[in-house]
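Presented below is the structure to which this report refers.
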Amino acid sequence: MVATPSVPELRRTRFARRLPAELSELAGPAHGQVDLPLHLAWSGLSRFDLDHPRLRMSCYRIVLAEGQHDDLIHYLNRELLIAMWPVLRTLISRDIRDVWENAFDELTPASQDAA
C-alpha cells in the first residue's frame, strides 16, 4: 500500500517545481518600482518600491509564496534575495524556507554566517 504524502510534502513538492536551476537566474530589478501582476497581488497591494525595505520584503514574501517559475526569475534579484534571506526566512513558511535552503547553499544559515 502506498502512503499518502502529507500536506507539507505536497507543498514542498509544489514549491520545488517552481525553483530556478540556479540563483543566478534571478534577474529581477534591484531598485525602483515593481508592479506585480494580478495573480500575485492577492494582498491588494500590487506596486512595490524596492528602495523601501518593508515594501521590498513584502514583495519578496508574496513572490516566494505565490509566484510561478517565471515570476521568481522576473521579480526576484539574486543579490537582494541573499542579502535579505536572514530576515526573510523568518517571515515565510517553513515549507518555502526548507525548499529554498535545500536547493541553494548560499541561503543556508551556515553559509550566511560565513559570509
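Just remember, in the C-alpha cells the first chain shown is A, the second B, etc., residues are 1-based per chain, and ligands are 1-based in the order shown.
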
Under the rule of at most 6 Å, produce a per-residue listing of region 55-93 of chain A near region 14-26 of chain A: chain, number, name, the closest pair of atoms, and the distance in Å, as JSON lines, using only C-alpha atoms.
```
{"residue": "A:Gln68", "atom": "CA", "partner": "A:Arg18", "partner_atom": "CA", "distance": 5.6}
{"residue": "A:His69", "atom": "CA", "partner": "A:Arg18", "partner_atom": "CA", "distance": 4.4}
{"residue": "A:Ile73", "atom": "CA", "partner": "A:Leu26", "partner_atom": "CA", "distance": 4.4}
{"residue": "A:Leu76", "atom": "CA", "partner": "A:Leu26", "partner_atom": "CA", "distance": 5.4}
{"residue": "A:Asn77", "atom": "CA", "partner": "A:Leu26", "partner_atom": "CA", "distance": 5.0}
{"residue": "A:Arg78", "atom": "CA", "partner": "A:Leu26", "partner_atom": "CA", "distance": 5.1}
```

When you look at region 91-101 of chain A with a cut-off of 9 Å (counting only C-alpha atoms), what residues show up, excluding the ones that are within fewer than 3 positions of it in the same chain? I need them as a VMD selection string. chain A and resid 8 to 9 11 to 13 15 to 16 19 57 61 64 to 65 87 to 88 104 to 109

DSSP on the backbone, then: every residue of region 10-100 of chain A marked strand (DSSP E or B), written as a list in words.
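Assigned to strand (DSSP E or B), within region 10-100 of chain A: Ala27, Gln33, Val34, Asp35, Arg47, Phe48, Asp49 and Asn77 of chain A.
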
Practice item. Give me the residues within 12 Å of Ile62 (chain A) as a PyMOL selection string, counting only C-alpha atoms and dropping any in the same chain fewer than 4 places off. Key: chain A and resi 36-48+55-58+66-68+71-72+75-76+88+91-93+96

Review point. CA of Arg89 (chain A) and CA of Pro53 (chain A), how far apart in Å?
Key: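 CA of Arg89 (chain A) lies at a distance of 14.9 Å from CA of Pro53 (chain A).
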
Taken to one decimal, the CA of His52 (chain A)-CA of Asp35 (chain A) distance is 14.4 Å

### Task
as a PyMOL selection string, list the residues of region 32-86 of chain A assigned to alpha helix (DSSP H) by DSSP on the backbone atoms of this structure.
chain A and resi 53-66+69-75+78-86

Using N, CA, C and O atoms, can you write the selected residues to a file as a compact mmCIF listing (two decimals), in the first residue's frame?
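The result, stored in out_30.txt:
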```txt
# COMPACT_ATOMS: atom_id res chain seq x y z
N PRO A 53 12.75 49.23 2.34
CA PRO A 53 12.96 47.86 2.86
C PRO A 53 11.68 47.09 3.20
O PRO A 53 11.58 45.91 2.89
N ARG A 54 10.71 47.72 3.82
CA ARG A 54 9.49 46.99 4.19
C ARG A 54 8.68 46.57 2.96
O ARG A 54 8.15 45.46 2.91
N LEU A 55 8.60 47.46 1.98
CA LEU A 55 7.89 47.11 0.75
C LEU A 55 8.64 46.05 -0.03
O LEU A 55 8.03 45.13 -0.60
N ARG A 56 9.95 46.13 -0.05
CA ARG A 56 10.77 45.12 -0.73
C ARG A 56 10.55 43.75 -0.08
O ARG A 56 10.36 42.75 -0.76
N MET A 57 10.55 43.71 1.24
CA MET A 57 10.34 42.46 1.97
C MET A 57 8.95 41.89 1.67
O MET A 57 8.80 40.69 1.43
N SER A 58 7.95 42.75 1.64
CA SER A 58 6.59 42.30 1.32
C SER A 58 6.51 41.73 -0.09
O SER A 58 5.89 40.68 -0.31
N CYS A 59 7.13 42.41 -1.02
CA CYS A 59 7.14 41.94 -2.41
C CYS A 59 7.77 40.55 -2.50
O CYS A 59 7.21 39.65 -3.13
N TYR A 60 8.91 40.38 -1.86
CA TYR A 60 9.60 39.10 -1.93
C TYR A 60 8.80 37.99 -1.25
O TYR A 60 8.75 36.86 -1.74
N ARG A 61 8.15 38.30 -0.15
CA ARG A 61 7.31 37.30 0.52
C ARG A 61 6.20 36.83 -0.40
O ARG A 61 5.92 35.64 -0.50
N ILE A 62 5.56 37.77 -1.08
CA ILE A 62 4.46 37.42 -1.98
C ILE A 62 4.96 36.58 -3.14
O ILE A 62 4.38 35.54 -3.48
N VAL A 63 6.04 37.01 -3.76
CA VAL A 63 6.56 36.29 -4.93
C VAL A 63 7.02 34.89 -4.54
O VAL A 63 6.74 33.92 -5.25
N LEU A 64 7.69 34.75 -3.41
CA LEU A 64 8.12 33.42 -2.98
C LEU A 64 6.94 32.50 -2.70
O LEU A 64 6.98 31.31 -3.02
N ALA A 65 5.90 33.04 -2.11
CA ALA A 65 4.74 32.20 -1.74
C ALA A 65 3.82 31.90 -2.91
O ALA A 65 3.31 30.79 -3.02
N GLU A 66 3.62 32.87 -3.80
CA GLU A 66 2.60 32.74 -4.83
C GLU A 66 3.14 32.62 -6.24
O GLU A 66 2.41 32.23 -7.15
N HIS A 69 7.45 29.75 -11.61
CA HIS A 69 8.86 29.80 -12.00
C HIS A 69 9.21 31.10 -12.70
O HIS A 69 10.19 31.78 -12.33
N ASP A 70 8.45 31.49 -13.70
CA ASP A 70 8.75 32.72 -14.44
C ASP A 70 8.63 33.97 -13.57
O ASP A 70 9.38 34.92 -13.76
N ASP A 71 7.71 33.96 -12.61
CA ASP A 71 7.59 35.10 -11.69
C ASP A 71 8.84 35.23 -10.82
O ASP A 71 9.33 36.33 -10.60
N LEU A 72 9.33 34.10 -10.33
CA LEU A 72 10.53 34.12 -9.49
C LEU A 72 11.70 34.74 -10.25
O LEU A 72 12.41 35.60 -9.72
N ILE A 73 11.89 34.32 -11.47
CA ILE A 73 13.01 34.81 -12.29
C ILE A 73 12.83 36.29 -12.64
O ILE A 73 13.78 37.05 -12.64
N HIS A 74 11.60 36.69 -12.90
CA HIS A 74 11.33 38.05 -13.35
C HIS A 74 11.34 39.08 -12.21
O HIS A 74 11.75 40.22 -12.42
N TYR A 75 10.89 38.70 -11.00
CA TYR A 75 10.71 39.67 -9.93
C TYR A 75 11.75 39.59 -8.82
O TYR A 75 11.90 40.54 -8.07
N ARG A 78 18.91 38.09 -7.38
CA ARG A 78 19.80 37.20 -6.64
C ARG A 78 20.45 37.90 -5.45
O ARG A 78 20.42 37.41 -4.32
N GLU A 79 21.07 39.05 -5.69
CA GLU A 79 21.80 39.74 -4.62
C GLU A 79 20.87 40.20 -3.50
O GLU A 79 21.20 40.08 -2.32
N LEU A 80 19.71 40.74 -3.89
CA LEU A 80 18.76 41.16 -2.87
C LEU A 80 18.25 39.97 -2.06
O LEU A 80 18.13 40.05 -0.84
N LEU A 81 17.94 38.88 -2.74
CA LEU A 81 17.43 37.70 -2.04
C LEU A 81 18.45 37.21 -1.01
O LEU A 81 18.10 36.95 0.14
N ILE A 82 19.70 37.10 -1.41
CA ILE A 82 20.73 36.63 -0.49
C ILE A 82 20.90 37.59 0.68
O ILE A 82 20.99 37.17 1.84
N ALA A 83 20.92 38.89 0.40
CA ALA A 83 21.09 39.89 1.46
C ALA A 83 19.90 39.89 2.43
O ALA A 83 20.08 40.05 3.64
N MET A 84 18.70 39.70 1.92
CA MET A 84 17.50 39.74 2.74
C MET A 84 17.21 38.41 3.44
O MET A 84 16.42 38.37 4.39
N TRP A 85 17.81 37.33 2.98
CA TRP A 85 17.43 36.00 3.44
C TRP A 85 17.45 35.80 4.95
O TRP A 85 16.52 35.18 5.49
N PRO A 86 18.44 36.29 5.69
CA PRO A 86 18.41 36.04 7.15
C PRO A 86 17.12 36.51 7.82
O PRO A 86 16.64 35.85 8.75
```
